[in-house]
>>> print(open('input_8.txt').read())   # compact mmCIF, C-alpha atoms and all ligand atoms
# COMPACT_ATOMS: atom_id res chain seq x y z
CA MET Z 1 55.45 -41.29 -64.25
CA HIS Z 2 56.79 -42.25 -67.67
CA LEU Z 3 59.58 -39.79 -68.70
CA VAL Z 4 60.51 -39.03 -72.32
CA SER Z 5 63.65 -36.89 -72.88
CA LEU Z 6 64.19 -35.41 -76.34
CA PRO Z 7 66.99 -33.29 -77.81
CA THR Z 8 64.50 -31.15 -79.74
CA VAL Z 9 60.75 -30.97 -80.30
CA ASP Z 10 58.21 -28.43 -81.56
CA SER Z 11 56.54 -28.05 -78.16
CA THR Z 12 56.65 -30.39 -75.17
CA ASN Z 13 52.94 -29.64 -74.57
CA SER Z 14 52.12 -30.80 -78.13
CA GLU Z 15 54.34 -33.87 -77.77
CA ALA Z 16 52.72 -34.79 -74.42
CA GLN Z 17 49.27 -34.49 -76.07
CA ARG Z 18 50.31 -36.68 -79.00
CA ARG Z 19 51.83 -39.33 -76.74
CA TRP Z 20 48.80 -39.36 -74.45
CA LEU Z 21 46.34 -39.82 -77.33
CA THR Z 22 48.49 -42.57 -78.86
CA SER Z 23 48.93 -44.35 -75.53
CA TYR Z 24 45.29 -44.09 -74.46
CA PRO Z 25 43.00 -44.12 -77.51
CA ALA Z 26 40.27 -45.70 -75.37
CA PRO Z 27 39.16 -45.15 -71.75
CA GLU Z 28 41.89 -46.41 -69.42
CA SER Z 29 41.43 -46.15 -65.67
CA ALA Z 30 45.03 -47.17 -64.96
CA ALA Z 31 46.55 -44.46 -67.22
CA GLN Z 32 50.01 -43.38 -66.11
CA ALA Z 33 51.24 -39.79 -66.33
CA ILE Z 34 53.63 -38.98 -69.20
CA ALA Z 35 56.36 -36.34 -68.80
CA VAL Z 36 58.14 -34.89 -71.83
CA VAL Z 37 61.30 -32.81 -71.52
CA ALA Z 38 63.27 -31.29 -74.39
CA GLU Z 39 66.59 -29.45 -74.61
CA ILE Z 40 65.22 -27.12 -77.31
CA GLN Z 41 61.68 -26.29 -78.47
CA THR Z 42 61.31 -25.04 -82.03
CA ALA Z 43 57.70 -23.86 -81.58
CA GLY Z 44 57.32 -23.33 -77.83
CA GLN Z 45 53.82 -22.13 -76.93
CA GLY Z 46 53.02 -19.36 -74.49
CA ARG Z 47 49.61 -18.35 -73.21
CA THR Z 48 47.00 -16.78 -75.53
CA GLY Z 49 48.74 -18.11 -78.64
CA ARG Z 50 52.02 -16.34 -77.96
CA ASN Z 51 55.36 -17.81 -78.93
CA TRP Z 52 57.68 -19.01 -76.11
CA GLN Z 53 61.39 -18.72 -76.82
CA SER Z 54 63.06 -21.97 -75.80
CA PRO Z 55 66.82 -22.05 -76.40
CA ARG Z 56 69.18 -24.71 -75.05
CA GLY Z 57 69.84 -24.21 -71.34
CA GLY Z 58 66.20 -23.82 -70.27
CA LEU Z 59 64.02 -26.42 -68.61
CA TRP Z 60 61.15 -27.10 -71.05
CA LEU Z 61 58.90 -29.72 -69.55
CA SER Z 62 55.30 -30.90 -69.87
CA VAL Z 63 53.27 -33.53 -68.09
CA ALA Z 64 50.11 -35.24 -69.31
CA TRP Z 65 48.29 -36.10 -66.11
CA PRO Z 66 45.14 -38.26 -65.86
CA MET Z 67 42.09 -36.22 -64.78
CA ARG Z 68 40.70 -38.45 -62.07
CA GLY Z 69 38.84 -35.87 -60.02
CA SER Z 70 36.09 -33.42 -60.90
CA SER Z 71 36.92 -30.69 -63.45
CA ASP Z 72 36.46 -28.00 -60.75
CA GLY Z 73 39.31 -29.49 -58.74
CA TYR Z 74 41.75 -28.65 -61.56
CA GLN Z 75 40.77 -24.98 -61.83
CA PRO Z 76 43.72 -23.98 -59.60
CA LEU Z 77 46.12 -26.18 -61.64
CA PRO Z 78 48.32 -23.27 -62.86
CA LEU Z 79 48.83 -22.16 -59.25
CA ALA Z 80 49.62 -25.68 -58.06
CA VAL Z 81 52.16 -26.03 -60.89
CA GLY Z 82 53.58 -22.57 -60.14
CA LEU Z 83 54.02 -23.58 -56.51
CA ALA Z 84 55.78 -26.79 -57.55
CA ALA Z 85 58.12 -24.87 -59.87
CA ALA Z 86 58.87 -22.23 -57.22
CA GLN Z 87 59.62 -24.93 -54.65
CA ALA Z 88 61.81 -26.88 -57.08
CA ILE Z 89 63.82 -23.73 -57.80
CA GLN Z 90 64.04 -22.90 -54.09
CA ASN Z 91 65.27 -26.41 -53.38
CA CYS Z 92 68.10 -25.96 -55.90
CA ILE Z 93 69.21 -22.37 -55.27
CA ASN Z 94 67.76 -21.45 -51.88
CA ILE Z 95 65.78 -18.53 -53.29
CA SER Z 96 62.07 -18.79 -54.01
CA PRO Z 97 60.68 -16.85 -56.97
CA LEU Z 98 57.31 -15.19 -56.36
CA ILE Z 99 54.14 -16.52 -57.96
CA LYS Z 100 52.43 -13.93 -60.10
CA TRP Z 101 48.78 -15.00 -60.36
CA PRO Z 102 47.83 -17.06 -62.20
CA ASN Z 103 50.89 -18.60 -63.80
CA ASP Z 104 54.18 -16.73 -63.93
CA LEU Z 105 57.19 -16.87 -61.63
CA LEU Z 106 59.05 -13.66 -60.95
CA MET Z 107 62.52 -12.86 -59.65
CA GLY Z 108 62.62 -9.21 -58.77
CA ASP Z 109 60.11 -7.81 -61.23
CA LYS Z 110 61.22 -10.06 -64.06
CA LYS Z 111 59.65 -13.24 -65.37
CA VAL Z 112 61.81 -16.33 -64.85
CA ALA Z 113 59.24 -19.03 -65.64
CA GLY Z 114 55.88 -19.45 -67.34
CA ILE Z 115 53.19 -22.10 -67.13
CA LEU Z 116 50.71 -23.25 -69.75
CA CYS Z 117 47.90 -25.60 -68.66
CA GLN Z 118 45.34 -27.21 -70.94
CA ALA Z 119 42.45 -29.47 -69.86
CA TYR Z 120 40.93 -32.18 -72.05
CA PRO Z 121 37.97 -33.61 -70.11
CA ASP Z 122 36.46 -35.04 -73.32
CA TRP Z 123 39.40 -37.17 -74.42
CA PRO Z 124 38.79 -40.98 -74.23
CA THR Z 125 41.04 -40.92 -71.17
CA PRO Z 126 40.64 -37.35 -69.81
CA ALA Z 127 43.87 -35.52 -69.05
CA VAL Z 128 45.37 -32.17 -68.20
CA ILE Z 129 48.53 -31.09 -69.96
CA LEU Z 130 50.72 -28.81 -67.91
CA GLY Z 131 53.78 -27.15 -69.37
CA VAL Z 132 56.52 -25.44 -67.40
CA GLY Z 133 59.21 -23.29 -68.96
CA ILE Z 134 62.03 -22.19 -66.66
CA ASN Z 135 64.60 -19.76 -68.03
CA ALA Z 136 67.62 -21.39 -66.43
CA ASN Z 137 71.09 -21.47 -68.02
CA PHE Z 138 71.24 -18.91 -70.79
CA ASP Z 139 71.83 -15.22 -71.23
CA PRO Z 140 68.61 -13.15 -71.23
CA LYS Z 141 70.12 -11.23 -74.18
CA VAL Z 142 68.94 -14.11 -76.42
CA PHE Z 143 65.38 -12.84 -75.94
CA GLY Z 144 66.15 -9.72 -78.00
CA GLN Z 145 64.03 -6.63 -77.56
CA PRO Z 146 61.42 -5.50 -76.95
CA LEU Z 147 59.77 -8.11 -74.73
CA ARG Z 148 56.12 -7.76 -73.71
CA GLN Z 149 57.21 -8.39 -70.14
CA PRO Z 150 60.77 -8.08 -68.78
CA ALA Z 151 62.38 -11.49 -68.39
CA THR Z 152 65.43 -12.93 -66.68
CA THR Z 153 67.15 -16.30 -66.26
CA LEU Z 154 68.33 -18.13 -63.13
CA GLN Z 155 71.91 -18.04 -64.39
CA HIS Z 156 71.73 -14.27 -64.84
CA GLU Z 157 70.35 -13.73 -61.32
CA LEU Z 158 72.83 -16.11 -59.66
CA HIS Z 159 75.88 -15.30 -61.81
CA HIS Z 160 76.45 -19.02 -62.35
CA PRO Z 161 74.61 -21.88 -64.08
CA ILE Z 162 72.47 -24.31 -62.11
CA ASP Z 163 72.25 -28.09 -62.38
CA LEU Z 164 69.37 -28.59 -64.83
CA GLN Z 165 69.09 -32.30 -64.11
CA THR Z 166 68.57 -31.66 -60.40
CA LEU Z 167 66.02 -28.93 -61.15
CA GLN Z 168 64.13 -31.32 -63.44
CA SER Z 169 64.11 -34.09 -60.82
CA ARG Z 170 62.92 -31.72 -58.06
CA LEU Z 171 60.17 -30.38 -60.29
CA LEU Z 172 58.89 -33.82 -61.24
CA GLU Z 173 58.97 -35.00 -57.60
CA THR Z 174 57.09 -31.92 -56.44
CA LEU Z 175 54.49 -32.24 -59.20
CA GLU Z 176 53.97 -35.89 -58.29
CA HIS Z 177 53.24 -34.72 -54.76
CA HIS Z 178 50.96 -31.75 -55.60
CA LEU Z 179 48.89 -33.14 -58.49
CA PRO Z 180 47.22 -35.94 -56.49
CA ILE Z 181 46.13 -33.20 -54.05
CA LEU Z 182 44.15 -31.63 -56.92
CA ASP Z 183 42.76 -35.08 -57.86
CA ARG Z 184 41.32 -35.24 -54.34
CA GLY Z 185 40.00 -31.66 -54.42
CA ASP Z 186 42.22 -30.63 -51.49
CA PHE Z 187 43.81 -27.51 -53.04
CA ALA Z 188 42.36 -25.07 -50.50
CA ASP Z 189 43.47 -27.06 -47.45
CA LEU Z 190 46.90 -28.24 -48.56
CA LEU Z 191 48.33 -26.02 -51.31
CA LEU Z 192 46.71 -22.60 -50.87
CA PRO Z 193 48.45 -21.96 -47.51
CA GLN Z 194 51.82 -22.58 -49.20
CA ILE Z 195 51.02 -20.27 -52.11
CA ARG Z 196 49.88 -17.24 -50.14
CA PRO Z 197 53.32 -16.29 -48.71
CA ARG Z 198 54.81 -16.56 -52.20
CA LEU Z 199 52.30 -14.32 -54.00
CA ALA Z 200 53.66 -11.36 -55.93
CA TRP Z 201 51.92 -7.98 -55.57
CA LEU Z 202 49.81 -8.95 -52.57
CA GLY Z 203 48.26 -5.80 -51.07
CA GLN Z 204 49.22 -3.76 -54.11
CA GLN Z 205 47.09 -1.87 -56.61
CA VAL Z 206 46.45 -3.98 -59.72
CA ARG Z 207 44.30 -4.08 -62.82
CA CYS Z 208 42.67 -7.25 -64.15
CA GLY Z 209 40.89 -7.77 -67.46
CA PRO Z 210 41.53 -6.74 -71.06
CA GLU Z 211 44.60 -4.57 -71.61
CA THR Z 212 42.53 -2.02 -73.48
CA GLY Z 213 38.95 -0.88 -72.98
CA ALA Z 214 36.88 0.05 -69.99
CA SER Z 215 35.93 -3.47 -68.87
CA SER Z 216 39.04 -4.08 -66.78
CA VAL Z 217 38.85 -3.69 -63.02
CA GLU Z 218 41.25 -1.85 -60.76
CA GLY Z 219 41.68 -2.44 -57.05
CA ARG Z 220 43.88 -3.92 -54.34
CA PHE Z 221 45.02 -7.52 -54.79
CA ILE Z 222 44.01 -9.16 -51.51
CA GLY Z 223 44.68 -12.85 -52.22
CA ILE Z 224 43.27 -15.94 -53.87
CA ASP Z 225 40.25 -18.04 -52.94
CA ALA Z 226 39.66 -21.80 -52.65
CA LEU Z 227 39.21 -22.11 -56.44
CA GLY Z 228 42.44 -20.24 -57.15
CA GLN Z 229 40.61 -17.08 -58.24
CA ALA Z 230 42.28 -13.69 -57.72
CA LEU Z 231 40.44 -11.49 -55.22
CA ILE Z 232 40.49 -7.77 -55.89
CA GLN Z 233 39.14 -5.24 -53.43
CA THR Z 234 37.39 -2.49 -55.41
CA PRO Z 235 35.43 0.51 -54.12
CA SER Z 236 32.23 -1.47 -54.83
CA GLY Z 237 33.32 -4.70 -53.08
CA VAL Z 238 35.53 -7.74 -53.60
CA ARG Z 239 35.62 -9.12 -57.16
CA ALA Z 240 36.89 -12.64 -58.01
CA PHE Z 241 38.69 -13.38 -61.29
CA CYS Z 242 39.19 -16.90 -62.57
CA ALA Z 243 41.33 -16.16 -65.64
CA ASP Z 244 43.10 -13.23 -67.22
CA GLU Z 245 46.26 -11.56 -66.06
CA LEU Z 246 47.16 -9.06 -63.35
CA ARG Z 247 48.96 -5.85 -64.22
CA ARG Z 248 50.44 -3.69 -61.54
CA VAL Z 249 49.19 -0.12 -61.28
CA LEU Z 250 52.15 2.00 -60.27
CA PRO Z 251 51.43 4.91 -57.91
C1 LIG Z 301 53.47 -18.25 -70.72
O1 LIG Z 301 54.00 -17.63 -69.78
O2 LIG Z 301 52.96 -17.64 -71.67
C2 LIG Z 301 53.47 -19.74 -70.66
C3 LIG Z 301 54.75 -20.34 -71.18
C4 LIG Z 301 54.81 -21.84 -71.09
C5 LIG Z 301 56.07 -22.39 -71.73
C6 LIG Z 301 56.23 -23.87 -71.51
S1 LIG Z 301 57.82 -24.44 -72.03
C7 LIG Z 301 57.28 -26.09 -71.84
C8 LIG Z 301 55.86 -26.15 -72.38
N1 LIG Z 301 55.84 -26.35 -73.80
C9 LIG Z 301 55.34 -25.30 -74.45
O3 LIG Z 301 55.22 -25.22 -75.68
N2 LIG Z 301 54.97 -24.35 -73.58
C10 LIG Z 301 55.22 -24.76 -72.22
>>> encode(input="input_8.txt", output="structure tokens")
Amino acid sequence: MHLVSLPTVDSTNSEAQRRWLTSYPAPESAAQAIAVVAEIQTAGQGRTGRNWQSPRGGLWLSVAWPMRGSSDGYQPLPLAVGLAAAQAIQNCINISPLIKWPNDLLMGDKKVAGILCQAYPDWPTPAVILGVGINANFDPKVFGQPLRQPATTLQHELHHPIDLQTLQSRLLETLEHHLPILDRGDFADLLLPQIRPRLAWLGQQVRCGPETGASSVEGRFIGIDALGQALIQTPSGVRAFCADELRRVLP
């Protein structure tokens, strides 16, 4: 993997896209993954067009990875990346955050990391861009209020900073192990069993679908399937969701 480290950038996902398109303007079967890490992002991107606050002290990292397998094989990409991030954190601090389907990491009930994946099957050399933001060494007060979802940082939870360089290395190593598993279409056999014990809200009452309106579905979150879809037990049977977000329904 080719690693680019920058002091500041608009968004590591955007920079990884630009570098990929410049490096591979034509089909290239030997394309090598490109990782971009920045100390600060000035226009960090969250899901659904949201802004992602990215002060110094966080780990802001993206990888442009060649899509060598079938598009279906990359459907569980956010979960595979979430697993890699949870394992990298666990390796550094001995505590594993939980994976909140499909792409957040939680410590307690607070978000400590977010993942943004984008697939470009039609590029000359097809790629997926995966971005990981880990709130590591800064005070959660910098987020200001109110946040859509409560957030924390590793430093706040541990009461001391962590070694960002080690976290970055562990994350890249783990991604380099997990992503070829998706290339081969082996998510269900090799990664799913590692994700299940780390799932947040398993067995709990959740709601999936639009935040407002009647089209969202409520039921018990019973797990994820071979494609990485969330399975929700409703009174009328099990429903599978491939995108969207889970919200907990408190008793
Ligand atoms: C979310 O939870 O909404 C996803 C957040 C993803 C943030 C990361 S930080 C590194 C990469 N670059 C970005 O602009 N976004 C992702």
>>> closest_atom_pairs(input="input_8.txt", of="chain Z", to="ligand LIG 301 (chain Z)", cutoff="8 Å", atoms="only C-alpha atoms and all ligand atoms", output="Markdown table")
| residue | atom | partner | partner_atom | distance |
| --- | --- | --- | --- | --- |
| Z:Asp10 | CA | Z:LIG301 | O3 | 7.3 |
| Z:Ser11 | CA | Z:LIG301 | O3 | 4.0 |
| Z:Thr12 | CA | Z:LIG301 | N1 | 4.3 |
| Z:Asn13 | CA | Z:LIG301 | N1 | 4.5 |
| Z:Ser14 | CA | Z:LIG301 | O3 | 6.8 |
| Z:Val37 | CA | Z:LIG301 | C7 | 7.8 |
| Z:Gln41 | CA | Z:LIG301 | O3 | 7.1 |
| Z:Ala43 | CA | Z:LIG301 | O3 | 6.5 |
| Z:Gly44 | CA | Z:LIG301 | O3 | 3.6 |
| Z:Gln45 | CA | Z:LIG301 | O3 | 3.6 |
| Z:Gly46 | CA | Z:LIG301 | O2 | 3.3 |
| Z:Arg47 | CA | Z:LIG301 | O2 | 3.8 |
| Z:Thr48 | CA | Z:LIG301 | O2 | 7.2 |
| Z:Arg50 | CA | Z:LIG301 | O2 | 6.5 |
| Z:Asn51 | CA | Z:LIG301 | O2 | 7.6 |
| Z:Trp52 | CA | Z:LIG301 | C5 | 5.8 |
| Z:Ser54 | CA | Z:LIG301 | S1 | 6.9 |
| Z:Leu59 | CA | Z:LIG301 | S1 | 7.4 |
| Z:Trp60 | CA | Z:LIG301 | C7 | 4.1 |
| Z:Leu61 | CA | Z:LIG301 | C7 | 4.6 |
| Z:Ser62 | CA | Z:LIG301 | C8 | 5.4 |
| Z:Asn103 | CA | Z:LIG301 | O1 | 6.8 |
| Z:Asp104 | CA | Z:LIG301 | O1 | 5.9 |
| Z:Ala113 | CA | Z:LIG301 | O1 | 6.8 |
| Z:Gly114 | CA | Z:LIG301 | O1 | 3.6 |
| Z:Ile115 | CA | Z:LIG301 | C2 | 4.3 |
| Z:Leu116 | CA | Z:LIG301 | C4 | 4.5 |
| Z:Leu130 | CA | Z:LIG301 | C8 | 7.3 |
| Z:Gly131 | CA | Z:LIG301 | C8 | 3.8 |
| Z:Val132 | CA | Z:LIG301 | C6 | 4.4 |
| Z:Gly133 | CA | Z:LIG301 | S1 | 3.6 |
| Z:Ile134 | CA | Z:LIG301 | S1 | 7.2 |
>>> residues_around(input="input_8.txt", residues="Ala240 (chain Z)", least_positions_apart="5", cutoff="12 Å", atoms="only C-alpha atoms", output="CSV table (one decimal) with C-alpha atoms, keeping the file's coordinate frame")
chain,number,residue,atom,x,y,z
Z,208,CYS,CA,42.7,-7.2,-64.2
Z,209,GLY,CA,40.9,-7.8,-67.5
Z,217,VAL,CA,38.8,-3.7,-63.0
Z,218,GLU,CA,41.2,-1.8,-60.8
Z,219,GLY,CA,41.7,-2.4,-57.0
Z,220,ARG,CA,43.9,-3.9,-54.3
Z,221,PHE,CA,45.0,-7.5,-54.8
Z,222,ILE,CA,44.0,-9.2,-51.5
Z,223,GLY,CA,44.7,-12.8,-52.2
Z,224,ILE,CA,43.3,-15.9,-53.9
Z,225,ASP,CA,40.2,-18.0,-52.9
Z,226,ALA,CA,39.7,-21.8,-52.6
Z,227,LEU,CA,39.2,-22.1,-56.4
Z,228,GLY,CA,42.4,-20.2,-57.2
Z,229,GLN,CA,40.6,-17.1,-58.2
Z,230,ALA,CA,42.3,-13.7,-57.7
Z,231,LEU,CA,40.4,-11.5,-55.2
Z,232,ILE,CA,40.5,-7.8,-55.9
Z,233,GLN,CA,39.1,-5.2,-53.4
Z,234,THR,CA,37.4,-2.5,-55.4
>>> closest_residue(input="input_8.txt", among="Z:Pro25, Z:Gly49, Z:Pro180, Z:Pro55", to="Met67 (chain Z)", atoms="only C-alpha atoms")
Z:Pro180
>>> closest_residue(input="input_8.txt", among="Z:Val142, Z:Leu199, Z:Ala31, Z:Val9", to="Leu83 (chain Z)", atoms="all atoms listed in the file")
Z:Leu199
>>> closest_residue(input="input_8.txt", among="Z:Tyr120, Z:Phe143, Z:Trp201, Z:Phe138", to="Leu158 (chain Z)", atoms="only C-alpha atoms")
Z:Phe138
>>> atom_distance(input="input_8.txt", atom1="CA of Leu191 (chain Z)", atom2="CA of Gln149 (chain Z)")
27.3 Å
>>> residues_around(input="input_8.txt", residues="Tyr74 (chain Z)", least_positions_apart="3", cutoff="9 Å", atoms="only C-alpha atoms", output="PDB file with C-alpha atoms, keeping the file's coordinate frame")
ATOM      1  CA  MET Z  67      42.090 -36.220 -64.780  1.00  0.00           C
ATOM      2  CA  GLY Z  69      38.840 -35.870 -60.020  1.00  0.00           C
ATOM      3  CA  SER Z  70      36.090 -33.420 -60.900  1.00  0.00           C
ATOM      4  CA  SER Z  71      36.920 -30.690 -63.450  1.00  0.00           C
ATOM      5  CA  LEU Z  77      46.120 -26.180 -61.640  1.00  0.00           C
ATOM      6  CA  PRO Z  78      48.320 -23.270 -62.860  1.00  0.00           C
ATOM      7  CA  ALA Z 119      42.450 -29.470 -69.860  1.00  0.00           C
ATOM      8  CA  VAL Z 128      45.370 -32.170 -68.200  1.00  0.00           C
ATOM      9  CA  LEU Z 179      48.890 -33.140 -58.490  1.00  0.00           C
ATOM     10  CA  LEU Z 182      44.150 -31.630 -56.920  1.00  0.00           C
ATOM     11  CA  ASP Z 183      42.760 -35.080 -57.860  1.00  0.00           C
ATOM     12  CA  GLY Z 185      40.000 -31.660 -54.420  1.00  0.00           C
ATOM     13  CA  PHE Z 187      43.810 -27.510 -53.040  1.00  0.00           C
ATOM     14  CA  LEU Z 227      39.210 -22.110 -56.440  1.00  0.00           C
TER      15      LEU Z 227
END
>>> residues_around(input="input_8.txt", residues="Leu172 (chain Z)", least_positions_apart="2", cutoff="9 Å", atoms="all atoms listed in the file", output="VMD selection string")
chain Z and resid 1 35 63 84 88 167 to 170 174 to 177
>>> atom_distance(input="input_8.txt", atom1="CA of Ser23 (chain Z)", atom2="CA of Gln118 (chain Z)")
18.1 Å
>>> atom_distance(input="input_8.txt", atom1="CA of Ala80 (chain Z)", atom2="CA of Ala127 (chain Z)")
15.8 Å
>>> residues_around(input="input_8.txt", residues="Leu154 (chain Z)", least_positions_apart="5", cutoff="8 Å", atoms="only C-alpha atoms", output="list in words")
Val112, Asn135, Ala136, Asn137, Pro161 and Ile162 of chain Z
>>> closest_residue(input="input_8.txt", among="Z:Arg196, Z:Arg19, Z:Lys100, Z:His2", to="Asp244 (chain Z)", atoms="all atoms listed in the file")
Z:Lys100
>>> axis_aligned_box(input="input_8.txt", around="region 126-145 of chain Z", padding_each_side="5 Å", output="JSON")
{"center_x": 56.2, "center_y": -22.0, "center_z": -72.2, "size_x": 41.2, "size_y": 40.7, "size_z": 21.6}
>>> closest_residue(input="input_8.txt", among="Z:Ala85, Z:Leu79, Z:Leu21, Z:Val36", to="Trp101 (chain Z)", atoms="all atoms listed in the file")
Z:Leu79
>>> closest_residue(input="input_8.txt", among="Z:Gln75, Z:Thr153, Z:Thr42, Z:Gln145", to="Pro97 (chain Z)", atoms="only C-alpha atoms")
Z:Thr153
>>> residues_around(input="input_8.txt", residues="Val249 (chain Z)", least_positions_apart="2", cutoff="9 Å", atoms="all atoms listed in the file", output="list of chain:residue names")
Z:Gln204, Z:Gln205, Z:Val206, Z:Arg207, Z:Glu218, Z:Gly219, Z:Arg247, Z:Pro251
>>> build_atoms(input="input_8.txt", residues="region 55-76 of chain Z", atoms="N, CA and C atoms", output="mmCIF file, keeping the file's coordinate frame")
data_model
loop_
_atom_site.group_PDB
_atom_site.id
_atom_site.type_symbol
_atom_site.label_atom_id
_atom_site.label_comp_id
_atom_site.auth_asym_id
_atom_site.auth_seq_id
_atom_site.Cartn_x
_atom_site.Cartn_y
_atom_site.Cartn_z
ATOM 1 N N PRO Z 55 65.474 -21.631 -75.990
ATOM 2 C CA PRO Z 55 66.820 -22.050 -76.400
ATOM 3 C C PRO Z 55 67.380 -23.142 -75.482
ATOM 4 N N ARG Z 56 68.482 -23.737 -75.902
ATOM 5 C CA ARG Z 56 69.180 -24.710 -75.050
ATOM 6 C C ARG Z 56 69.559 -24.026 -73.732
ATOM 7 N N GLY Z 57 69.470 -24.771 -72.638
ATOM 8 C CA GLY Z 57 69.840 -24.210 -71.340
ATOM 9 C C GLY Z 57 68.618 -23.945 -70.459
ATOM 10 N N GLY Z 58 67.418 -23.970 -71.082
ATOM 11 C CA GLY Z 58 66.200 -23.820 -70.270
ATOM 12 C C GLY Z 58 65.665 -25.173 -69.854
ATOM 13 N N LEU Z 59 64.720 -25.166 -68.925
ATOM 14 C CA LEU Z 59 64.020 -26.420 -68.610
ATOM 15 C C LEU Z 59 62.639 -26.319 -69.245
ATOM 16 N N TRP Z 60 62.414 -27.101 -70.290
ATOM 17 C CA TRP Z 60 61.150 -27.100 -71.050
ATOM 18 C C TRP Z 60 60.496 -28.451 -70.799
ATOM 19 N N LEU Z 61 59.446 -28.448 -70.023
ATOM 20 C CA LEU Z 61 58.900 -29.720 -69.550
ATOM 21 C C LEU Z 61 57.375 -29.694 -69.533
ATOM 22 N N SER Z 62 56.763 -30.784 -69.951
ATOM 23 C CA SER Z 62 55.300 -30.900 -69.870
ATOM 24 C C SER Z 62 54.935 -32.248 -69.288
ATOM 25 N N VAL Z 63 53.784 -32.271 -68.638
ATOM 26 C CA VAL Z 63 53.270 -33.530 -68.090
ATOM 27 C C VAL Z 63 51.823 -33.691 -68.538
ATOM 28 N N ALA Z 64 51.509 -34.868 -69.067
ATOM 29 C CA ALA Z 64 50.110 -35.240 -69.310
ATOM 30 C C ALA Z 64 49.688 -36.043 -68.093
ATOM 31 N N TRP Z 65 48.684 -35.522 -67.401
ATOM 32 C CA TRP Z 65 48.290 -36.100 -66.110
ATOM 33 C C TRP Z 65 46.835 -36.551 -66.190
ATOM 34 N N PRO Z 66 46.532 -37.789 -65.772
ATOM 35 C CA PRO Z 66 45.140 -38.260 -65.860
ATOM 36 C C PRO Z 66 44.216 -37.427 -64.970
ATOM 37 N N MET Z 67 43.091 -36.989 -65.557
ATOM 38 C CA MET Z 67 42.090 -36.220 -64.780
ATOM 39 C C MET Z 67 41.215 -37.229 -64.065
ATOM 40 N N ARG Z 68 41.467 -37.428 -62.802
ATOM 41 C CA ARG Z 68 40.700 -38.450 -62.070
ATOM 42 C C ARG Z 68 39.622 -37.819 -61.197
ATOM 43 N N GLY Z 69 39.821 -36.529 -60.888
ATOM 44 C CA GLY Z 69 38.840 -35.870 -60.020
ATOM 45 C C GLY Z 69 37.857 -35.075 -60.848
ATOM 46 N N SER Z 70 37.068 -34.229 -60.170
ATOM 47 C CA SER Z 70 36.090 -33.420 -60.900
ATOM 48 C C SER Z 70 36.830 -32.257 -61.572
ATOM 49 N N SER Z 71 36.268 -31.772 -62.693
ATOM 50 C CA SER Z 71 36.920 -30.690 -63.450
ATOM 51 C C SER Z 71 37.212 -29.484 -62.565
ATOM 52 N N ASP Z 72 36.278 -29.168 -61.647
ATOM 53 C CA ASP Z 72 36.460 -28.000 -60.750
ATOM 54 C C ASP Z 72 37.752 -28.074 -59.962
ATOM 55 N N GLY Z 73 38.112 -29.297 -59.569
ATOM 56 C CA GLY Z 73 39.310 -29.490 -58.740
ATOM 57 C C GLY Z 73 40.585 -29.053 -59.446
ATOM 58 N N TYR Z 74 40.535 -29.013 -60.804
ATOM 59 C CA TYR Z 74 41.750 -28.650 -61.560
ATOM 60 C C TYR Z 74 41.788 -27.169 -61.936
ATOM 61 N N GLN Z 75 40.764 -26.414 -61.508
ATOM 62 C CA GLN Z 75 40.770 -24.980 -61.830
ATOM 63 C C GLN Z 75 42.036 -24.283 -61.298
ATOM 64 N N PRO Z 76 42.497 -24.637 -60.083
ATOM 65 C CA PRO Z 76 43.720 -23.980 -59.600
ATOM 66 C C PRO Z 76 45.008 -24.629 -60.105
#
